[in-house]
>>> print(open('entry_14.pdb').read())   # PDB, C-alpha atoms and all ligand atoms
ATOM      1  CA  MET H 288      21.321   8.553   6.606
ATOM      2  CA  ALA H 289      18.722   6.838   4.417
ATOM      3  CA  ARG H 290      15.398   6.037   6.025
ATOM      4  CA  LYS H 291      14.682   2.339   6.452
ATOM      5  CA  PHE H 292      11.414   1.180   4.859
ATOM      6  CA  ILE H 293       9.554  -2.125   4.919
ATOM      7  CA  ILE H 294       6.617  -2.327   2.516
ATOM      8  CA  ASP H 295       3.810  -4.670   3.501
ATOM      9  CA  THR H 296       2.059  -5.335   0.221
ATOM     10  CA  ASP H 297      -0.268  -7.413  -1.977
ATOM     11  CA  PRO H 298       0.962  -6.552  -5.495
ATOM     12  CA  GLY H 299      -1.309  -5.413  -7.328
ATOM     13  CA  VAL H 300      -0.861  -2.660  -9.878
ATOM     14  CA  ASP H 301      -0.776   0.341  -7.547
ATOM     15  CA  ASP H 302       1.397  -1.645  -5.122
ATOM     16  CA  ALA H 303       3.922  -2.041  -7.941
ATOM     17  CA  GLN H 304       3.872   1.682  -8.520
ATOM     18  CA  ALA H 305       4.376   2.403  -4.811
ATOM     19  CA  ILE H 306       7.282  -0.047  -4.545
ATOM     20  CA  LEU H 307       9.007   1.491  -7.580
ATOM     21  CA  MET H 308       8.528   4.950  -6.036
ATOM     22  CA  ALA H 309      10.275   3.863  -2.843
ATOM     23  CA  HIS H 310      13.064   2.225  -4.799
ATOM     24  CA  ALA H 311      13.583   5.366  -6.880
ATOM     25  CA  HIS H 312      13.798   7.645  -3.859
ATOM     26  CA  PRO H 313      17.389   8.618  -2.971
ATOM     27  CA  ASP H 314      16.643   8.714   0.734
ATOM     28  CA  VAL H 315      15.159   5.229   1.195
ATOM     29  CA  ASP H 316      16.813   1.967   2.159
ATOM     30  CA  LEU H 317      14.281  -0.743   1.286
ATOM     31  CA  LEU H 318      14.796  -3.516   3.859
ATOM     32  CA  GLY H 319      12.179  -5.833   2.446
ATOM     33  CA  LEU H 320       8.780  -6.539   1.016
ATOM     34  CA  SER H 321       6.491  -8.405   3.392
ATOM     35  CA  VAL H 322       3.848  -9.930   1.189
ATOM     36  CA  VAL H 323       0.235 -10.731   2.019
ATOM     37  CA  SER H 324      -2.717 -12.078   0.065
ATOM     38  CA  GLY H 325      -5.292  -9.464  -0.864
ATOM     39  CA  ASN H 326      -5.767  -8.233  -4.390
ATOM     40  CA  VAL H 327      -5.208 -11.871  -5.371
ATOM     41  CA  GLY H 328      -3.945 -14.983  -3.574
ATOM     42  CA  LEU H 329      -0.521 -15.186  -1.957
ATOM     43  CA  SER H 330       1.099 -17.307  -4.668
ATOM     44  CA  HIS H 331       0.420 -14.510  -7.168
ATOM     45  CA  THR H 332       1.273 -11.592  -4.872
ATOM     46  CA  LEU H 333       4.583 -13.296  -4.022
ATOM     47  CA  THR H 334       5.395 -13.906  -7.675
ATOM     48  CA  ASN H 335       4.572 -10.296  -8.487
ATOM     49  CA  ALA H 336       6.789  -9.048  -5.664
ATOM     50  CA  CYS H 337       9.616 -11.180  -7.082
ATOM     51  CA  HIS H 338       9.048  -9.661 -10.549
ATOM     52  CA  LEU H 339       9.472  -6.227  -8.976
ATOM     53  CA  VAL H 340      12.730  -7.282  -7.302
ATOM     54  CA  ASP H 341      14.004  -8.488 -10.694
ATOM     55  CA  LEU H 342      13.138  -5.093 -12.161
ATOM     56  CA  MET H 343      14.827  -3.187  -9.316
ATOM     57  CA  ARG H 344      18.002  -5.223  -9.801
ATOM     58  CA  GLU H 345      18.719  -5.131  -6.087
ATOM     59  CA  PRO H 346      18.522  -8.011  -3.629
ATOM     60  CA  VAL H 347      15.475  -6.737  -1.741
ATOM     61  CA  PRO H 348      14.189  -9.687   0.321
ATOM     62  CA  VAL H 349      10.626 -10.846  -0.301
ATOM     63  CA  PHE H 350       9.042 -12.346   2.828
ATOM     64  CA  PRO H 351       6.029 -14.615   2.357
ATOM     65  CA  GLY H 352       3.200 -13.678   4.687
ATOM     66  CA  CYS H 353      -0.341 -14.698   5.472
ATOM     67  CA  GLU H 354      -2.381 -16.378   2.814
ATOM     68  CA  ARG H 355      -5.723 -15.780   4.508
ATOM     69  CA  PRO H 356      -7.217 -13.147   6.819
ATOM     70  CA  LEU H 357      -7.661 -13.636  10.563
ATOM     71  CA  GLY H 358     -11.425 -13.871  10.078
ATOM     72  CA  PRO H 359     -13.554 -15.144   7.211
ATOM     73  CA  ARG H 360     -12.159 -14.933   3.715
ATOM     74  CA  GLY H 361     -13.578 -12.011   1.747
ATOM     75  CA  GLU H 362     -13.525 -10.825  -1.843
ATOM     76  CA  ASP H 363     -10.425 -10.453  -3.942
ATOM     77  CA  ALA H 364      -9.769  -7.729  -6.512
ATOM     78  CA  ALA H 365      -8.864  -9.949  -9.462
ATOM     79  CA  PHE H 366     -11.559  -8.222 -11.515
ATOM     80  CA  VAL H 367      -9.607  -4.963 -11.071
ATOM     81  CA  HIS H 368      -5.943  -6.053 -11.192
ATOM     82  CA  GLY H 369      -6.267  -9.220 -13.339
ATOM     83  CA  SER H 370      -6.557 -12.799 -12.077
ATOM     84  CA  ASP H 371      -2.808 -12.876 -11.331
ATOM     85  CA  GLY H 372      -2.837  -9.341  -9.896
ATOM     86  CA  PHE H 373      -0.575  -8.132 -12.701
ATOM     87  CA  GLY H 374      -2.910  -7.834 -15.685
ATOM     88  CA  ASP H 375      -2.761 -11.487 -16.857
ATOM     89  CA  LEU H 376       0.310 -11.132 -19.030
ATOM     90  CA  SER H 377       1.619 -14.695 -18.581
ATOM     91  CA  LEU H 378       4.995 -13.281 -17.556
ATOM     92  CA  PRO H 379       7.933 -15.722 -17.387
ATOM     93  CA  GLU H 380       8.878 -16.950 -13.913
ATOM     94  CA  PRO H 381      10.824 -14.320 -11.973
ATOM     95  CA  VAL H 382      14.437 -15.018 -11.072
ATOM     96  CA  ALA H 383      14.115 -13.644  -7.522
ATOM     97  CA  ARG H 384      12.788 -16.117  -4.964
ATOM     98  CA  PRO H 385      10.939 -15.526  -1.690
ATOM     99  CA  GLU H 386      12.830 -15.942   1.572
ATOM    100  CA  VAL H 387      12.040 -18.821   3.911
ATOM    101  CA  GLU H 388      11.410 -16.485   6.837
ATOM    102  CA  GLN H 389       7.748 -15.668   7.360
ATOM    103  CA  ALA H 390       6.730 -12.017   6.907
ATOM    104  CA  ALA H 391       5.477 -11.494  10.464
ATOM    105  CA  ASN H 392       8.707 -12.954  11.862
ATOM    106  CA  ALA H 393      10.761 -10.784   9.526
ATOM    107  CA  LEU H 394       8.837  -7.671  10.603
ATOM    108  CA  VAL H 395       9.469  -8.457  14.266
ATOM    109  CA  ARG H 396      13.139  -9.253  13.670
ATOM    110  CA  LEU H 397      13.922  -6.224  11.513
ATOM    111  CA  ILE H 398      12.049  -3.781  13.737
ATOM    112  CA  ASN H 399      13.867  -5.122  16.811
ATOM    113  CA  GLU H 400      17.207  -4.940  15.007
ATOM    114  CA  HIS H 401      16.596  -1.261  14.176
ATOM    115  CA  PRO H 402      14.517   0.140  17.033
ATOM    116  CA  GLY H 403      13.001   3.548  16.282
ATOM    117  CA  GLU H 404      14.339   3.571  12.725
ATOM    118  CA  ILE H 405      11.864   1.766  10.505
ATOM    119  CA  THR H 406       8.913   3.114   8.545
ATOM    120  CA  VAL H 407       6.385   0.434   7.672
ATOM    121  CA  VAL H 408       4.239   1.306   4.678
ATOM    122  CA  ALA H 409       1.227  -1.022   4.753
ATOM    123  CA  ILE H 410      -0.520  -1.089   1.382
ATOM    124  CA  GLY H 411      -2.420  -4.367   1.608
ATOM    125  CA  PRO H 412      -4.745  -6.022   4.124
ATOM    126  CA  LEU H 413      -3.225  -5.688   7.602
ATOM    127  CA  THR H 414      -2.915  -9.417   8.382
ATOM    128  CA  ASN H 415       0.896  -9.581   8.499
ATOM    129  CA  ILE H 416       1.137  -6.507  10.718
ATOM    130  CA  ALA H 417      -1.516  -7.888  13.076
ATOM    131  CA  VAL H 418       0.319 -11.213  13.390
ATOM    132  CA  ALA H 419       3.588  -9.367  14.019
ATOM    133  CA  LEU H 420       1.823  -7.422  16.771
ATOM    134  CA  LEU H 421       0.577 -10.634  18.333
ATOM    135  CA  LEU H 422       4.156 -11.930  18.328
ATOM    136  CA  ASP H 423       5.568  -8.683  19.728
ATOM    137  CA  PRO H 424       3.006  -6.347  21.325
ATOM    138  CA  GLN H 425       5.726  -3.714  21.939
ATOM    139  CA  LEU H 426       6.193  -3.255  18.196
ATOM    140  CA  PRO H 427       4.425   0.152  18.021
ATOM    141  CA  ASP H 428       7.024   1.635  20.420
ATOM    142  CA  LYS H 429       9.864   0.365  18.249
ATOM    143  CA  LEU H 430       8.722   1.740  14.895
ATOM    144  CA  ASP H 431       9.539   5.146  13.549
ATOM    145  CA  ARG H 432       6.324   5.431  11.514
ATOM    146  CA  LEU H 433       3.386   3.397  10.300
ATOM    147  CA  VAL H 434       1.684   4.578   7.127
ATOM    148  CA  VAL H 435      -1.485   2.696   6.180
ATOM    149  CA  MET H 436      -3.412   2.769   2.936
ATOM    150  CA  GLY H 437      -6.900   1.870   4.059
ATOM    151  CA  GLY H 438     -10.407   2.961   4.866
ATOM    152  CA  ALA H 439     -13.005   5.331   3.520
ATOM    153  CA  VAL H 440     -13.227   8.024   6.127
ATOM    154  CA  THR H 441     -16.686   9.355   5.295
ATOM    155  CA  GLY H 442     -18.068   6.021   4.161
ATOM    156  CA  LYS H 443     -17.549   6.315   0.400
ATOM    157  CA  GLY H 444     -15.861   2.957  -0.021
ATOM    158  CA  ASN H 445     -14.951   0.722  -2.931
ATOM    159  CA  VAL H 446     -16.187  -2.807  -2.081
ATOM    160  CA  SER H 447     -19.558  -4.554  -1.921
ATOM    161  CA  ASN H 448     -20.044  -3.345   1.646
ATOM    162  CA  ILE H 449     -20.303   0.121   0.229
ATOM    163  CA  SER H 450     -18.975   2.080   3.172
ATOM    164  CA  ALA H 451     -15.780  -0.012   3.414
ATOM    165  CA  GLU H 452     -12.491   0.070   1.541
ATOM    166  CA  PHE H 453     -10.745  -3.010   0.143
ATOM    167  CA  ASN H 454      -7.696  -3.336   2.423
ATOM    168  CA  ILE H 455      -9.640  -2.917   5.653
ATOM    169  CA  TYR H 456     -12.614  -4.960   4.443
ATOM    170  CA  SER H 457     -10.297  -7.814   3.438
ATOM    171  CA  ASP H 458      -9.255  -8.333   7.062
ATOM    172  CA  PRO H 459     -11.226  -6.177   9.502
ATOM    173  CA  GLU H 460     -10.070  -8.185  12.548
ATOM    174  CA  ALA H 461      -6.443  -7.540  11.668
ATOM    175  CA  ALA H 462      -7.182  -3.866  11.052
ATOM    176  CA  ALA H 463      -8.907  -3.606  14.430
ATOM    177  CA  LEU H 464      -5.829  -5.049  16.165
ATOM    178  CA  VAL H 465      -3.544  -2.605  14.388
ATOM    179  CA  PHE H 466      -5.737   0.457  14.935
ATOM    180  CA  GLU H 467      -6.011  -0.416  18.651
ATOM    181  CA  ALA H 468      -2.323  -1.018  19.170
ATOM    182  CA  PHE H 469      -0.773   2.016  17.512
ATOM    183  CA  ASP H 470      -1.071   5.467  18.990
ATOM    184  CA  GLN H 471       0.058   7.121  15.755
ATOM    185  CA  ILE H 472      -0.837   6.031  12.215
ATOM    186  CA  ASP H 473      -0.649   8.073   9.031
ATOM    187  CA  LEU H 474      -3.823   7.049   7.233
ATOM    188  CA  VAL H 475      -4.323   7.451   3.488
ATOM    189  CA  ASP H 476      -7.843   6.398   2.589
ATOM    190  CA  TRP H 477      -9.771   5.682  -0.598
ATOM    191  CA  GLU H 478     -11.465   9.078  -0.593
ATOM    192  CA  ALA H 479      -8.096  10.871  -0.531
ATOM    193  CA  THR H 480      -7.086   8.579  -3.388
ATOM    194  CA  MET H 481     -10.081   9.693  -5.442
ATOM    195  CA  ALA H 482      -9.227  13.317  -4.727
ATOM    196  CA  HIS H 483      -5.689  12.765  -6.061
ATOM    197  CA  SER H 484      -6.571  10.954  -9.311
ATOM    198  CA  TYR H 485      -4.674  11.838 -12.447
ATOM    199  CA  SER H 486      -5.281  11.171 -16.116
ATOM    200  CA  PHE H 487      -4.027   8.244 -18.190
ATOM    201  CA  LYS H 488      -2.329  10.881 -20.357
ATOM    202  CA  VAL H 489      -0.121  11.945 -17.455
ATOM    203  CA  LEU H 490       0.775   8.323 -16.768
ATOM    204  CA  ASP H 491       1.528   7.693 -20.449
ATOM    205  CA  ALA H 492       3.908  10.645 -20.536
ATOM    206  CA  TRP H 493       5.902   9.100 -17.665
ATOM    207  CA  LEU H 494       5.865   5.675 -19.265
ATOM    208  CA  ALA H 495       7.344   7.124 -22.439
ATOM    209  CA  SER H 496      10.654   7.057 -20.528
ATOM    210  CA  GLY H 497      10.967   3.558 -22.033
ATOM    211  CA  THR H 498      12.783   2.051 -19.039
ATOM    212  CA  ASP H 499      12.213  -1.668 -18.389
ATOM    213  CA  HIS H 500      10.036  -0.859 -15.404
ATOM    214  CA  ALA H 501       8.007   1.715 -17.389
ATOM    215  CA  LYS H 502       7.485  -0.837 -20.159
ATOM    216  CA  LEU H 503       6.334  -3.498 -17.733
ATOM    217  CA  PHE H 504       4.086  -1.106 -15.839
ATOM    218  CA  ASP H 505       2.510  -0.015 -19.099
ATOM    219  CA  ARG H 506       1.533  -3.640 -19.808
ATOM    220  CA  VAL H 507       0.589  -4.494 -16.226
ATOM    221  CA  SER H 508      -1.697  -1.452 -15.933
ATOM    222  CA  GLN H 509      -3.762  -2.090 -19.076
ATOM    223  CA  ALA H 510      -6.299  -4.339 -17.320
ATOM    224  CA  ILE H 511      -6.964  -1.877 -14.529
ATOM    225  CA  ARG H 512      -7.301   0.958 -17.031
ATOM    226  CA  LYS H 513      -9.915  -1.021 -18.981
ATOM    227  CA  PHE H 514     -11.741  -1.712 -15.728
ATOM    228  CA  VAL H 515     -11.788   1.968 -14.741
ATOM    229  CA  VAL H 516     -13.090   3.054 -18.137
ATOM    230  CA  SER H 517     -15.811   0.396 -18.259
ATOM    231  CA  GLU H 518     -16.828   0.815 -14.604
ATOM    232  CA  HIS H 519     -16.559   4.584 -14.172
ATOM    233  CA  GLY H 520     -16.366   5.971 -17.710
ATOM    234  CA  GLU H 521     -13.249   7.932 -16.753
ATOM    235  CA  ARG H 522      -9.676   7.768 -17.965
ATOM    236  CA  LEU H 523      -8.279   8.372 -14.493
ATOM    237  CA  MET H 524      -5.699   6.534 -12.396
ATOM    238  CA  ARG H 525      -6.631   6.086  -8.763
ATOM    239  CA  ALA H 526      -3.294   5.104  -7.345
ATOM    240  CA  ALA H 527      -4.124   4.443  -3.692
ATOM    241  CA  ASP H 528      -0.855   2.772  -2.739
ATOM    242  CA  ALA H 529       1.179   5.349  -4.642
ATOM    243  CA  LEU H 530      -0.468   8.112  -2.621
ATOM    244  CA  ALA H 531       0.301   6.286   0.629
ATOM    245  CA  MET H 532       3.904   5.938  -0.514
ATOM    246  CA  ALA H 533       4.076   9.653  -1.327
ATOM    247  CA  VAL H 534       2.914  10.400   2.225
ATOM    248  CA  ALA H 535       5.575   8.029   3.563
ATOM    249  CA  LEU H 536       8.296   9.578   1.405
ATOM    250  CA  GLU H 537       7.404  13.231   1.857
ATOM    251  CA  PRO H 538       5.345  13.968   4.963
ATOM    252  CA  GLN H 539       6.268  17.625   4.499
ATOM    253  CA  SER H 540       4.074  17.672   1.361
ATOM    254  CA  ILE H 541       0.902  16.859   3.311
ATOM    255  CA  GLN H 542      -1.313  19.923   2.871
ATOM    256  CA  ALA H 543      -4.320  18.987   4.998
ATOM    257  CA  SER H 544      -4.979  16.344   7.625
ATOM    258  CA  SER H 545      -7.153  15.655  10.661
ATOM    259  CA  GLN H 546      -5.961  13.900  13.805
ATOM    260  CA  CYS H 547      -8.874  11.652  14.825
ATOM    261  CA  ALA H 548      -9.717   8.408  16.591
ATOM    262  CA  VAL H 549     -10.559   5.686  14.070
ATOM    263  CA  ASP H 550     -12.291   2.396  14.910
ATOM    264  CA  ILE H 551     -12.974  -0.576  12.680
ATOM    265  CA  GLU H 552     -16.525  -1.904  12.434
ATOM    266  CA  LEU H 553     -16.462  -5.687  12.762
ATOM    267  CA  THR H 554     -20.073  -6.780  13.006
ATOM    268  CA  GLY H 555     -22.374  -4.444  11.013
ATOM    269  CA  SER H 556     -24.290  -6.460   8.443
ATOM    270  CA  LEU H 557     -23.952  -3.575   5.989
ATOM    271  CA  THR H 558     -20.875  -1.879   7.368
ATOM    272  CA  ARG H 559     -18.363  -4.597   8.318
ATOM    273  CA  GLY H 560     -14.922  -3.240   7.532
ATOM    274  CA  GLN H 561     -15.916   0.423   7.717
ATOM    275  CA  THR H 562     -13.476   2.890   9.266
ATOM    276  CA  VAL H 563     -15.546   4.813  11.832
ATOM    277  CA  VAL H 564     -14.012   8.232  12.455
ATOM    278  CA  ASP H 565     -14.560  10.397  15.532
ATOM    279  CA  TRP H 566     -14.266  13.680  13.608
ATOM    280  CA  ASP H 567     -15.470  15.880  16.487
ATOM    281  CA  SER H 568     -13.764  14.170  19.472
ATOM    282  CA  ARG H 569     -17.096  12.926  20.784
ATOM    283  CA  THR H 570     -15.535   9.841  22.368
ATOM    284  CA  SER H 571     -12.742   9.698  24.906
ATOM    285  CA  LYS H 572     -10.665   7.599  22.512
ATOM    286  CA  GLN H 573      -7.194   8.761  21.767
ATOM    287  CA  PRO H 574      -7.031  10.303  18.261
ATOM    288  CA  GLN H 575      -4.480   7.855  16.854
ATOM    289  CA  CYS H 576      -4.784   8.610  13.135
ATOM    290  CA  ARG H 577      -3.499  11.496  11.108
ATOM    291  CA  ILE H 578      -6.003  11.266   8.255
ATOM    292  CA  VAL H 579      -4.386  12.770   5.186
ATOM    293  CA  THR H 580      -6.944  14.658   3.105
ATOM    294  CA  ALA H 581      -4.703  16.729   0.834
ATOM    295  CA  PHE H 582      -1.185  16.164  -0.498
ATOM    296  CA  ASP H 583       0.736  18.552  -2.774
ATOM    297  CA  MET H 584      -0.390  17.274  -6.188
ATOM    298  CA  ASP H 585       2.736  18.470  -7.987
ATOM    299  CA  ARG H 586       4.922  16.558  -5.539
ATOM    300  CA  PHE H 587       2.696  13.479  -5.822
ATOM    301  CA  LEU H 588       3.043  13.502  -9.599
ATOM    302  CA  HIS H 589       6.783  14.144  -9.345
ATOM    303  CA  LEU H 590       7.332  11.188  -6.997
ATOM    304  CA  ASN H 591       5.339   8.972  -9.350
ATOM    305  CA  GLU H 592       7.293  10.130 -12.368
ATOM    306  CA  GLN H 593      10.597   9.336 -10.658
ATOM    307  CA  ALA H 594       9.479   5.723 -10.318
ATOM    308  CA  PHE H 595       9.579   5.262 -14.081
ATOM    309  CA  LYS H 596      12.879   6.998 -14.820
ATOM    310  CA  PRO H 597      16.169   5.086 -15.024
ATOM    311  CA  PHE H 598      17.067   4.033 -11.475
ATOM    312  CA  ARG H 599      19.883   5.773  -9.706
ATOM    313  CA  ALA H 600      23.118   3.796  -9.544
ATOM    314  CA  SER H 601      23.139   1.785  -6.341
TER     315      SER H 601
HETATM  316  C1  LIG I 701      -6.415  -0.740  -2.080
HETATM  317  O1  LIG I 701      -6.982  -1.978  -2.482
HETATM  318  C2  LIG I 701      -6.157  -2.602  -3.438
HETATM  319  O2  LIG I 701      -6.921  -3.074  -4.524
HETATM  320  C3  LIG I 701      -5.131  -1.590  -3.870
HETATM  321  O3  LIG I 701      -3.896  -2.235  -4.153
HETATM  322  C4  LIG I 701      -5.028  -0.667  -2.680
HETATM  323  O4  LIG I 701      -4.083  -1.140  -1.738
HETATM  324  C5  LIG I 701      -7.336   0.377  -2.501
HETATM  325  O5  LIG I 701      -8.585   0.248  -1.866
HETATM  326 CA    CA I 702      -2.421  -2.860  -2.308
END
>>> encode(input="entry_14.pdb", output="structure tokens", more="lines below")
Ligand code: BDR
Ligand code: CA
Amino acid sequence: MARKFIIDTDPGVDDAQAILMAHAHPDVDLLGLSVVSGNVGLSHTLTNACHLVDLMREPVPVFPGCERPLGPRGEDAAFVHGSDGFGDLSLPEPVARPEVEQAANALVRLINEHPGEITVVAIGPLTNIAVALLLDPQLPDKLDRLVVMGGAVTGKGNVSNISAEFNIYSDPEAAALVFEAFDQIDLVDWEATMAHSYSFKVLDAWLASGTDHAKLFDRVSQAIRKFVVSEHGERLMRAADALAMAVALEPQSIQASSQCAVDIELTGSLTRGQTVVDWDSRTSKQPQCRIVTAFDMDRFLHLNEQAFKPFRAS
């Protein structure tokens, strides 16, 4: 039986990649995209999610979620993903339309309809998941798995608070609620992402498949590629959300991980949004995170490549 996935997302270039990976996987039944603001504002992330549904040619529901974090508004990542989150291509309006049902309500409903069966892959700020938890505090017991892309586990982050990572930093209060409530999270952080970078050449070889989704991804990813080259002088893709999706799709390809307690720093003037990891069990906190540090690179590349091939017949 196919595994049931809900992707909580703020598309975003690497979100798009992750969503296409899930769609391409023969063993996944994609129940919906719950959309949150993050990389850019909600109106754009919703539109981008609808573009992806058009590409997938399947009626995957798009649930509109929170347009601001629980706490103060932070930075967006328009300078990385483009001001519309999809490389500023002035794409025509998508045909797919968002549902009326709010993302947090949809998460609660779907998880209660399928107790113990759903994997949530959270690849944006954790606002929608936190609100769903406030609505239904028993949610962690009813999920099969929660996979989170977030954090920088030794403090090598990617936002202006240098020890924090974008998704957690965008809504630390939501992240704190989620990390407190769940007793098992598969965590894929920014540092693992860096360790699993791959070259533009590899990406270009996949995109040569010439499918509609490869063509669109080629265009959508140009802005982020320019950013990476100008900022880091490297022609490398850092596909954070794609790595989280690979971990969700193929946990058996995890090669190294550490089970540790992880807390979210909320108040540090320099460190707000940092993921603080108890590597040596020095606290009495339950080690709720499996921190993935190595994933089979061949399998990661394979799962990415599948995303750009012609889709299987549905
Ligand atoms: C995360 O932040 C976003 O910009 C990406 O989509 C990814 O989810 C990486 O820190
Ligand atoms: Ca994302």
>>> residues_around(input="entry_14.pdb", residues="region 531-542 of chain H", least_positions_apart="4", cutoff="8 Å", atoms="all atoms listed in the file", output="PyMOL selection string")
chain H and resi 305-306+308-309+312+406+408+410+434-436+474-475+527+579-583+586-587+590
>>> write_last_selection(input="entry_14.pdb", atoms="C-alpha atoms", output="PDB file, keeping the file's coordinate frame")
ATOM      1  CA  ALA H 305       4.376   2.403  -4.811  1.00  0.00           C
ATOM      2  CA  ILE H 306       7.282  -0.047  -4.545  1.00  0.00           C
ATOM      3  CA  MET H 308       8.528   4.950  -6.036  1.00  0.00           C
ATOM      4  CA  ALA H 309      10.275   3.863  -2.843  1.00  0.00           C
ATOM      5  CA  HIS H 312      13.798   7.645  -3.859  1.00  0.00           C
ATOM      6  CA  THR H 406       8.913   3.114   8.545  1.00  0.00           C
ATOM      7  CA  VAL H 408       4.239   1.306   4.678  1.00  0.00           C
ATOM      8  CA  ILE H 410      -0.520  -1.089   1.382  1.00  0.00           C
ATOM      9  CA  VAL H 434       1.684   4.578   7.127  1.00  0.00           C
ATOM     10  CA  VAL H 435      -1.485   2.696   6.180  1.00  0.00           C
ATOM     11  CA  MET H 436      -3.412   2.769   2.936  1.00  0.00           C
ATOM     12  CA  LEU H 474      -3.823   7.049   7.233  1.00  0.00           C
ATOM     13  CA  VAL H 475      -4.323   7.451   3.488  1.00  0.00           C
ATOM     14  CA  ALA H 527      -4.124   4.443  -3.692  1.00  0.00           C
ATOM     15  CA  VAL H 579      -4.386  12.770   5.186  1.00  0.00           C
ATOM     16  CA  THR H 580      -6.944  14.658   3.105  1.00  0.00           C
ATOM     17  CA  ALA H 581      -4.703  16.729   0.834  1.00  0.00           C
ATOM     18  CA  PHE H 582      -1.185  16.164  -0.498  1.00  0.00           C
ATOM     19  CA  ASP H 583       0.736  18.552  -2.774  1.00  0.00           C
ATOM     20  CA  ARG H 586       4.922  16.558  -5.539  1.00  0.00           C
ATOM     21  CA  PHE H 587       2.696  13.479  -5.822  1.00  0.00           C
ATOM     22  CA  LEU H 590       7.332  11.188  -6.997  1.00  0.00           C
TER      23      LEU H 590
END
>>> residues_near_ligand(input="entry_14.pdb", ligand="ligand CA 702 (chain I)", cutoff="9 Å", atoms="only C-alpha atoms and all ligand atoms", output="list in words")
Asp295, Thr296, Asp297, Pro298, Gly299, Val300, Asp301, Asp302, Ala303, Ala305, Gly325, Asn326, Ala409, Ile410, Gly411, Pro412, Met436, Phe453, Asn454, Ala527 and Asp528 of chain H
>>> atom_distance(input="entry_14.pdb", atom1="CA of Arg525 (chain H)", atom2="CA of Ser545 (chain H)")
21.7 Å
>>> residues_around(input="entry_14.pdb", residues="region 506-517 of chain H", least_positions_apart="5", cutoff="12 Å", atoms="all atoms listed in the file", output="ChimeraX atom specification")
/H:298-304,335,338-339,364-378,484,486-488,490-491,494,499-501,522-526
>>> axis_aligned_box(input="entry_14.pdb", around="ligand LIG 701 (chain I)", padding_each_side="5 Å", output="lines of an AutoDock Vina configuration file")
center_x = -6.2
center_y = -1.3
center_z = -3.1
size_x = 14.7
size_y = 13.5
size_z = 12.8
>>> closest_residue(input="entry_14.pdb", among="H:His401, H:His310, H:Arg355, H:Lys443", to="ligand LIG 701 (chain I)", atoms="only C-alpha atoms and all ligand atoms")
H:Lys443
>>> resolve_selection(input="entry_14.pdb", expression="the PyMOL selection byres (((chain H and resi 392) around 12) and not hetatm)", output="list in words")
Ser321, Phe350, Pro351, Gly352, Cys353, Glu386, Val387, Glu388, Gln389, Ala390, Ala391, Ala393, Leu394, Val395, Arg396, Leu397, Ile398, Asn399, Asn415, Ile416, Ala417, Val418, Ala419, Leu420, Leu421, Leu422, Asp423 and Leu426 of chain H
>>> atom_distance(input="entry_14.pdb", atom1="CA of Ser568 (chain H)", atom2="CA of Ala548 (chain H)")
7.6 Å
>>> build_atoms(input="entry_14.pdb", residues="region 322-330 of chain H", atoms="N, CA, C and O atoms", output="compact mmCIF listing (two decimals), in the frame of the given file")
# COMPACT_ATOMS: atom_id res chain seq x y z
N VAL H 322 4.91 -9.74 2.18
CA VAL H 322 3.85 -9.93 1.19
C VAL H 322 2.66 -10.64 1.83
O VAL H 322 2.82 -11.54 2.66
N VAL H 323 1.47 -10.21 1.44
CA VAL H 323 0.24 -10.73 2.02
C VAL H 323 -0.72 -11.03 0.87
O VAL H 323 -0.56 -10.49 -0.23
N SER H 324 -1.69 -11.90 1.10
CA SER H 324 -2.72 -12.08 0.06
C SER H 324 -3.69 -10.91 0.18
O SER H 324 -3.82 -10.29 1.24
N GLY H 325 -4.37 -10.61 -0.89
CA GLY H 325 -5.29 -9.46 -0.86
C GLY H 325 -5.89 -9.28 -2.23
O GLY H 325 -6.89 -9.93 -2.57
N ASN H 326 -5.25 -8.45 -3.03
CA ASN H 326 -5.77 -8.23 -4.39
C ASN H 326 -6.03 -9.57 -5.08
O ASN H 326 -7.03 -9.74 -5.77
N VAL H 327 -5.07 -10.48 -4.91
CA VAL H 327 -5.21 -11.87 -5.37
C VAL H 327 -4.51 -12.74 -4.33
O VAL H 327 -3.97 -12.23 -3.34
N GLY H 328 -4.52 -14.06 -4.55
CA GLY H 328 -3.94 -14.98 -3.57
C GLY H 328 -2.43 -14.82 -3.42
O GLY H 328 -1.76 -14.23 -4.29
N LEU H 329 -1.93 -15.39 -2.32
CA LEU H 329 -0.52 -15.19 -1.96
C LEU H 329 0.45 -15.69 -3.03
O LEU H 329 1.50 -15.08 -3.24
N SER H 330 0.12 -16.80 -3.69
CA SER H 330 1.10 -17.31 -4.67
C SER H 330 1.33 -16.25 -5.75
O SER H 330 2.46 -16.04 -6.20
